[in-house]
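> What follows is coords25.cif, made up of mmCIF, C-alpha atoms:
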```cif
data_upload
loop_
_atom_site.label_atom_id
_atom_site.label_comp_id
_atom_site.auth_asym_id
_atom_site.auth_seq_id
_atom_site.Cartn_x
_atom_site.Cartn_y
_atom_site.Cartn_z
CA MET F 1 0.00 0.00 0.00
CA PRO F 2 1.46 3.42 -0.89
CA SER F 3 2.46 5.44 2.16
CA THR F 4 -0.10 8.13 1.33
CA GLU F 5 -2.93 5.59 1.64
CA TYR F 6 -2.58 4.77 5.34
CA ARG F 7 -6.02 5.27 6.88
CA ARG F 8 -5.96 3.25 10.14
CA TYR F 9 -3.00 3.48 12.54
CA VAL F 10 -2.68 1.50 15.78
CA ALA F 11 0.18 1.96 18.25
CA LEU F 12 1.25 -0.86 20.58
CA GLY F 13 3.76 -0.48 23.40
CA ASP F 14 4.65 0.86 26.82
CA SER F 15 5.23 4.30 28.33
CA GLN F 16 7.14 5.75 25.36
CA THR F 17 4.25 4.94 23.03
CA GLU F 18 1.74 6.17 25.61
CA GLY F 19 3.66 9.45 25.52
CA LEU F 20 5.32 9.89 28.92
CA GLY F 21 7.64 12.87 28.85
CA ASP F 22 5.54 14.77 26.32
CA GLY F 23 2.78 16.46 28.30
CA ASP F 24 1.43 15.06 31.56
CA ASP F 25 -1.48 13.14 33.01
CA THR F 26 -3.36 16.37 33.79
CA THR F 27 -3.13 18.16 30.45
CA GLY F 28 -2.81 14.96 28.40
CA LEU F 29 0.07 13.02 26.92
CA ARG F 30 1.18 13.44 23.34
CA GLY F 31 4.26 11.33 22.54
CA PHE F 32 5.83 9.99 19.38
CA ALA F 33 2.81 7.88 18.40
CA ASP F 34 0.48 10.90 18.46
CA ARG F 35 3.10 12.88 16.55
CA PHE F 36 3.60 10.09 14.01
CA ALA F 37 -0.18 10.00 13.57
CA GLY F 38 0.10 13.68 12.69
CA HIS F 39 2.63 12.86 9.96
CA LEU F 40 0.34 10.15 8.61
CA ASP F 41 -2.69 12.44 8.64
CA ALA F 42 -0.74 15.16 6.85
CA ALA F 43 0.11 12.67 4.09
CA ARG F 44 -3.51 11.55 3.81
CA PRO F 45 -6.09 13.53 5.81
CA GLY F 46 -8.79 11.52 7.53
CA LEU F 47 -6.56 9.13 9.51
CA GLN F 48 -8.20 6.91 12.15
CA TYR F 49 -5.86 6.42 15.12
CA ALA F 50 -5.81 4.17 18.22
CA ASN F 51 -3.14 3.97 20.91
CA LEU F 52 -3.21 0.78 23.01
CA ALA F 53 0.02 1.42 24.94
CA VAL F 54 0.19 1.28 28.74
CA ARG F 55 3.18 2.39 30.78
CA GLY F 56 5.23 -0.21 32.62
CA ARG F 57 4.32 -3.09 30.32
CA LEU F 58 6.86 -5.77 29.45
CA ALA F 59 7.09 -7.05 25.89
CA GLY F 60 5.19 -10.21 26.79
CA GLN F 61 2.42 -8.17 28.37
CA VAL F 62 2.16 -5.95 25.28
CA ARG F 63 1.77 -9.10 23.19
CA ALA F 64 -0.78 -10.67 25.54
CA GLU F 65 -2.88 -7.55 26.12
CA GLN F 66 -2.57 -5.45 22.98
CA LEU F 67 -2.00 -7.69 19.95
CA GLY F 68 -5.52 -9.15 19.87
CA PRO F 69 -7.26 -5.77 20.15
CA ALA F 70 -4.88 -4.33 17.55
CA LEU F 71 -5.68 -7.07 15.04
CA ALA F 72 -9.40 -6.54 15.65
CA LEU F 73 -8.99 -2.90 14.59
CA ARG F 74 -7.59 -4.02 11.20
CA PRO F 75 -4.92 -1.31 10.91
CA ASP F 76 -3.17 -0.38 7.69
CA ILE F 77 -0.11 0.57 9.73
CA ALA F 78 1.02 -0.19 13.27
CA THR F 79 3.99 0.64 15.45
CA VAL F 80 5.33 -1.94 17.91
CA VAL F 81 7.78 -0.53 20.46
CA ALA F 82 8.53 -2.46 23.65
CA GLY F 83 11.40 -4.11 25.47
CA VAL F 84 13.13 -1.43 27.53
CA ASN F 85 11.16 -2.37 30.65
CA ASP F 86 12.44 -5.92 30.18
CA VAL F 87 16.02 -4.66 29.85
CA LEU F 88 15.70 -2.90 33.21
CA ARG F 89 14.60 -6.05 35.05
CA PRO F 90 17.18 -8.16 36.96
CA ARG F 91 16.30 -11.17 34.83
CA PHE F 92 16.57 -10.49 31.11
CA ASP F 93 16.47 -12.87 28.15
CA ALA F 94 16.98 -11.03 24.86
CA ALA F 95 15.78 -14.01 22.82
CA GLU F 96 12.55 -14.21 24.82
CA VAL F 97 11.86 -10.48 24.54
CA ALA F 98 12.64 -10.40 20.83
CA GLY F 99 10.44 -13.47 20.43
CA HIS F 100 7.45 -11.55 21.77
CA LEU F 101 8.20 -8.67 19.42
CA GLU F 102 8.61 -11.00 16.45
CA ALA F 103 5.32 -12.71 17.23
CA MET F 104 3.62 -9.31 17.01
CA PHE F 105 5.48 -8.47 13.80
CA ALA F 106 4.41 -11.79 12.28
CA ALA F 107 0.74 -11.58 13.28
CA LEU F 108 0.30 -8.00 12.13
CA THR F 109 2.13 -8.35 8.82
CA ALA F 110 0.25 -11.59 8.09
CA ALA F 111 -2.95 -9.57 8.46
CA GLY F 112 -1.73 -7.11 5.83
CA THR F 113 -0.56 -4.41 8.23
CA HIS F 114 2.56 -2.38 7.49
CA VAL F 115 4.57 -2.46 10.74
CA ALA F 116 7.27 -0.09 11.98
CA THR F 117 9.49 -0.26 15.05
CA VAL F 118 12.58 1.40 16.52
CA THR F 119 15.96 0.48 17.93
CA PHE F 120 16.84 1.61 21.45
CA PRO F 121 19.60 4.08 22.34
CA ASP F 122 22.60 3.26 24.50
CA LEU F 123 21.35 4.14 27.98
CA GLY F 124 24.95 4.35 29.18
CA ARG F 125 25.38 7.52 27.12
CA ILE F 126 22.33 9.04 28.80
CA VAL F 127 22.53 7.59 32.33
CA PRO F 128 26.14 6.68 33.25
CA LEU F 129 24.89 4.45 36.07
CA ALA F 130 23.10 2.35 33.42
CA ARG F 131 26.30 1.32 31.58
CA PRO F 132 25.98 -2.32 32.72
CA LEU F 133 22.79 -2.51 30.60
CA VAL F 134 24.57 -1.58 27.36
CA PRO F 135 25.23 -5.20 26.22
CA ARG F 136 21.57 -6.07 26.83
CA LEU F 137 20.38 -3.21 24.65
CA ALA F 138 22.89 -4.01 21.92
CA GLU F 139 21.75 -7.64 21.78
CA LEU F 140 18.08 -6.68 21.80
CA ASN F 141 18.62 -4.18 18.98
CA ASP F 142 20.38 -6.82 16.88
CA ARG F 143 17.53 -9.25 17.42
CA VAL F 144 14.92 -6.59 16.61
CA ARG F 145 16.69 -5.82 13.33
CA GLU F 146 16.84 -9.52 12.42
CA ALA F 147 13.18 -10.11 13.26
CA ALA F 148 12.14 -6.99 11.39
CA ALA F 149 14.04 -8.12 8.30
CA ARG F 150 12.27 -11.49 8.35
CA HIS F 151 8.83 -9.84 8.31
CA GLY F 152 9.36 -6.74 6.22
CA VAL F 153 9.05 -4.41 9.21
CA ALA F 154 10.39 -0.86 8.82
CA VAL F 155 13.03 0.03 11.43
CA ALA F 156 13.70 3.59 12.57
CA GLU F 157 17.30 3.44 13.77
CA THR F 158 16.85 5.84 16.65
CA ALA F 159 19.72 4.12 18.47
CA LEU F 160 22.36 5.46 16.10
CA PRO F 161 22.48 9.29 15.85
CA GLU F 162 24.87 11.09 18.21
CA ALA F 163 22.07 13.54 18.97
CA VAL F 164 20.21 10.85 20.92
CA ALA F 165 22.56 11.36 23.88
CA ASP F 166 21.84 15.08 24.11
CA PRO F 167 20.17 15.73 27.51
CA ARG F 168 17.62 17.95 25.78
CA MET F 169 16.21 14.85 24.11
CA TRP F 170 15.26 13.38 27.50
CA THR F 171 13.16 14.24 30.53
CA THR F 172 14.72 14.58 33.97
CA ASP F 173 14.17 10.87 34.63
CA ARG F 174 16.38 10.15 31.57
CA LEU F 175 14.31 7.09 30.71
CA HIS F 176 11.60 8.87 28.75
CA ALA F 177 12.04 11.12 25.75
CA SER F 178 11.27 14.81 26.13
CA SER F 179 8.84 16.55 23.80
CA LEU F 180 11.78 17.18 21.47
CA GLY F 181 12.84 13.54 21.71
CA HIS F 182 9.32 12.31 20.92
CA GLU F 183 9.22 14.70 17.97
CA ARG F 184 12.43 13.20 16.61
CA ILE F 185 11.23 9.61 17.07
CA ALA F 186 8.07 10.45 15.11
CA ALA F 187 10.17 12.03 12.36
CA ALA F 188 12.39 8.92 12.31
CA LEU F 189 9.35 6.68 11.86
CA ALA F 190 7.99 8.92 9.10
CA HIS F 191 11.36 8.64 7.35
CA ALA F 192 11.52 4.86 7.88
CA VAL F 193 8.15 4.28 6.20
CA GLY F 194 8.86 6.81 3.44
CA LEU F 195 6.19 9.39 4.10
CA PRO F 196 6.21 12.31 1.66
CA GLY F 197 8.37 15.19 2.90
CA SER F 198 10.27 13.07 5.43
CA ASP F 199 14.07 13.12 5.50
CA ASP F 200 17.04 12.50 7.78
CA THR F 201 17.03 15.84 9.59
CA TRP F 202 15.91 13.98 12.71
CA THR F 203 19.49 12.64 12.94
CA HIS F 204 21.08 16.12 13.01
CA PRO F 205 22.67 17.37 16.24
CA LEU F 206 20.99 20.09 18.27
CA PRO F 207 22.55 23.57 18.46
CA ALA F 208 25.59 23.69 20.74
CA GLN F 209 25.11 24.74 24.34
CA ALA F 210 27.48 25.81 27.09
CA ALA F 211 29.48 23.05 28.78
CA ALA F 212 28.40 22.03 32.27
CA ALA F 213 30.46 23.25 35.21
CA PRO F 214 33.07 20.84 36.69
CA GLY F 215 31.43 18.43 39.09
CA ALA F 216 27.96 19.09 37.73
CA ALA F 217 27.73 15.64 36.14
CA VAL F 218 28.43 13.87 39.44
CA ALA F 219 25.88 16.03 41.26
CA ALA F 220 23.32 15.34 38.53
CA GLU F 221 23.85 11.58 38.89
CA LEU F 222 23.30 11.75 42.63
CA ARG F 223 20.11 13.79 42.19
CA TRP F 224 18.86 11.37 39.55
CA ALA F 225 19.52 8.34 41.76
CA ALA F 226 17.63 9.90 44.65
CA ALA F 227 14.69 11.19 42.63
CA PHE F 228 14.16 8.35 40.14
CA LEU F 229 16.32 5.28 40.73
CA GLY F 230 15.32 4.87 44.37
CA PRO F 231 11.55 5.03 43.77
CA TRP F 232 11.87 2.73 40.74
CA LEU F 233 13.75 0.12 42.77
CA GLY F 234 11.15 0.46 45.51
CA ARG F 235 8.35 -0.40 43.09
CA ARG F 236 10.27 -3.42 41.82
CA LEU F 237 10.83 -4.73 45.35
CA ARG F 238 7.10 -4.37 46.10
CA GLY F 239 6.14 -6.05 42.83
CA ARG F 240 4.46 -2.86 41.63
CA SER F 241 4.41 -1.20 38.20
CA SER F 242 3.78 2.38 37.13
CA GLY F 243 1.04 0.98 34.91
CA ASP F 244 -0.93 -0.79 37.64
CA GLY F 245 -4.63 -0.04 37.22
CA ARG F 246 -4.14 1.83 33.96
CA THR F 247 -5.72 1.17 30.60
CA ALA F 248 -5.02 2.40 27.08
CA LYS F 249 -5.55 6.14 26.57
CA ARG F 250 -7.11 5.70 23.11
CA PRO F 251 -8.37 2.10 22.76
CA ASP F 252 -10.64 2.73 19.77
CA LEU F 253 -9.95 4.01 16.29
CA LEU F 254 -10.99 7.66 16.29
CA PRO F 255 -10.48 10.39 13.73
CA PHE F 256 -7.10 11.97 14.36
CA ALA F 257 -8.49 15.42 13.66
CA ASP F 258 -10.93 15.07 16.57
CA GLY F 259 -8.06 15.22 19.08
CA GLY F 260 -8.17 13.27 22.33
CA ALA F 261 -4.58 13.83 23.43
CA ALA F 262 -2.50 16.87 24.24
CA GLY F 263 -1.41 18.71 21.15
CA ILE F 264 -3.51 16.76 18.67
#
```
Is it possible to give me this structure as structure tokens?


Amino acid sequence: MPSTEYRRYVALGDSQTEGLGDGDDTTGLRGFADRFAGHLDAARPGLQYANLAVRGRLAGQVRAEQLGPALALRPDIATVVAGVNDVLRPRFDAAEVAGHLEAMFAALTAAGTHVATVTFPDLGRIVPLARPLVPRLAELNDRVREAAARHGVAVAETALPEAVADPRMWTTDRLHASSLGHERIAAALAHAVGLPGSDDTWTHPLPAQAAAAPGAAVAAELRWAAAFLGPWLGRRLRGRSSGDGRTAKRPDLLPFADGGAAGI
């Protein structure tokens, strides 16, 4: 199907797809999926859009909870982005996580849906304390690329540009993209699926800014650990998730132009 003919878009995933970091729960979340829907609607006005993502979900949970409803909506195009929550868990099996993603790729493409996904940036460049996770992310990215190639899934290589490590691309928790980061992910997806007017400007570095004062990086790490790492570990120890009790923000296909999320 030509890229200008996408009429029904469904997004599957976790907090990034839900839009954390771009807006808030009071004013509404936007996020890369909403922004990508905007690119699709600009290419062919009249897009119907659903977002099934729920924060905190593991790849297996996205498959179990969102794949069936997504197939029932019969999308022309879908995004499947999950796996980082798995990477952050003490027990991690890249083959198992990629297997869940590939199962979603296979089911959606078999139904005639054009699927797009992303690769994940090196968290060690963004959160120095996360450097031990770098091999996990590298292996998962390799497996995502291989699975995508087997099923004709478009891959936005958001792991690669140097700009991805710019702090301005991330919120203060450094695990969720900022509004600017979400904007770039959406542009990367538009480029990956070949939407009219898309290009590689999403890979370009941001304007230079003044260097941080000596010692500022260490202080920032300590503040981050206290504000975000501690509470996150506390939830894990209690068996809790940030997505407990939450449901999809946009479970039905609705006209994109009607809004329903911040900034739409």

> Evaluate the PyMOL selection byres ((chain F and resi 248-250) around 6) here and jot the selected residues down as JSON, numbers by chain.

{"F": [50, 51, 52, 53, 54, 247, 251, 252]}

> Quick one: residues within 12 Å of (0.0, 7.6, 7.1) (file frame), counting all atoms listed in the file, please, as a PyMOL selection string.

chain F and resi 1-10+33-49+75-79+114-116+186+189-196+198+256

> Could you spell out the hits of the PyMOL selection byres ((chain F and resi 120-137) around 9) on the shown file, as a count of residues only?

29

> For the point (8.7, -7.7, 12.1) in file coordinates, what residues are within 10 Å, counting only C-alpha atoms? Give the answer as a PyMOL selection string?

chain F and resi 80+98+101-109+114-117+144-155

> Could you list, as a list in words, every residue within 8 Å of His100 of chain F, counting only C-alpha atoms and ignoring same-chain residues fewer than 5 positions away?

Ala59, Gly60 and Arg63 of chain F

> Could you please determine the separation between atom CA of Arg89 of chain F and atom CA of Ala188 of chain F in Å, to one decimal place?

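Between atom CA of Arg89 of chain F and atom CA of Ala188 of chain F the gap is 27.3 Å.
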
> Point out the residue among F:Asn85, F:Gln209, F:Thr203, F:Ser178 with the least atom-to-atom distance to Asp24 of chain F, counting all atoms listed in the file.

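The closest residue to Asp24 of chain F is F:Ser178.
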
> Here is a test: counting only C-alpha atoms, which residue of F:Ala156, F:Ala95, F:Leu58, F:Leu20 is nearest to Thr171 of chain F?

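That would be F:Leu20, the residue with the smallest distance to Thr171 of chain F.
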
> Can you tell me how far atom CA of His204 of chain F sits from atom CA of Ala187 of chain F, in Å to one decimal?

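Separating atom CA of His204 of chain F from atom CA of Ala187 of chain F is a distance of 11.7 Å.
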
> Can you tell me how far atom CA of Ile185 of chain F sits from atom CA of Ala82 of chain F, in Å to one decimal?

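Between atom CA of Ile185 of chain F and atom CA of Ala82 of chain F the gap is 14.0 Å.
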
> Restricting the calculation to all atoms listed in the file: of F:Leu253, F:Val97, F:Ala163, F:Ala208, which residue gets closest to Leu71 of chain F?

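Ranked by minimum distance to Leu71 of chain F, first place goes to F:Leu253.
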
> Axis-aligned box over every listed atom of segment 104-116 of chain F, padded by 4 Å per side: centre and edges in Å to one decimal, as lines of an AutoDock Vina configuration file?


```
center_x = 2.2
center_y = -5.9
center_z = 11.4
size_x = 18.2
size_y = 19.7
size_z = 19.2
```

> Please write as a ChimeraX atom specification the full residue list that the PyMOL selection byres ((chain F and resi 179) around 8) yields on this file.

/F:21-23,31,169,177-178,180-183
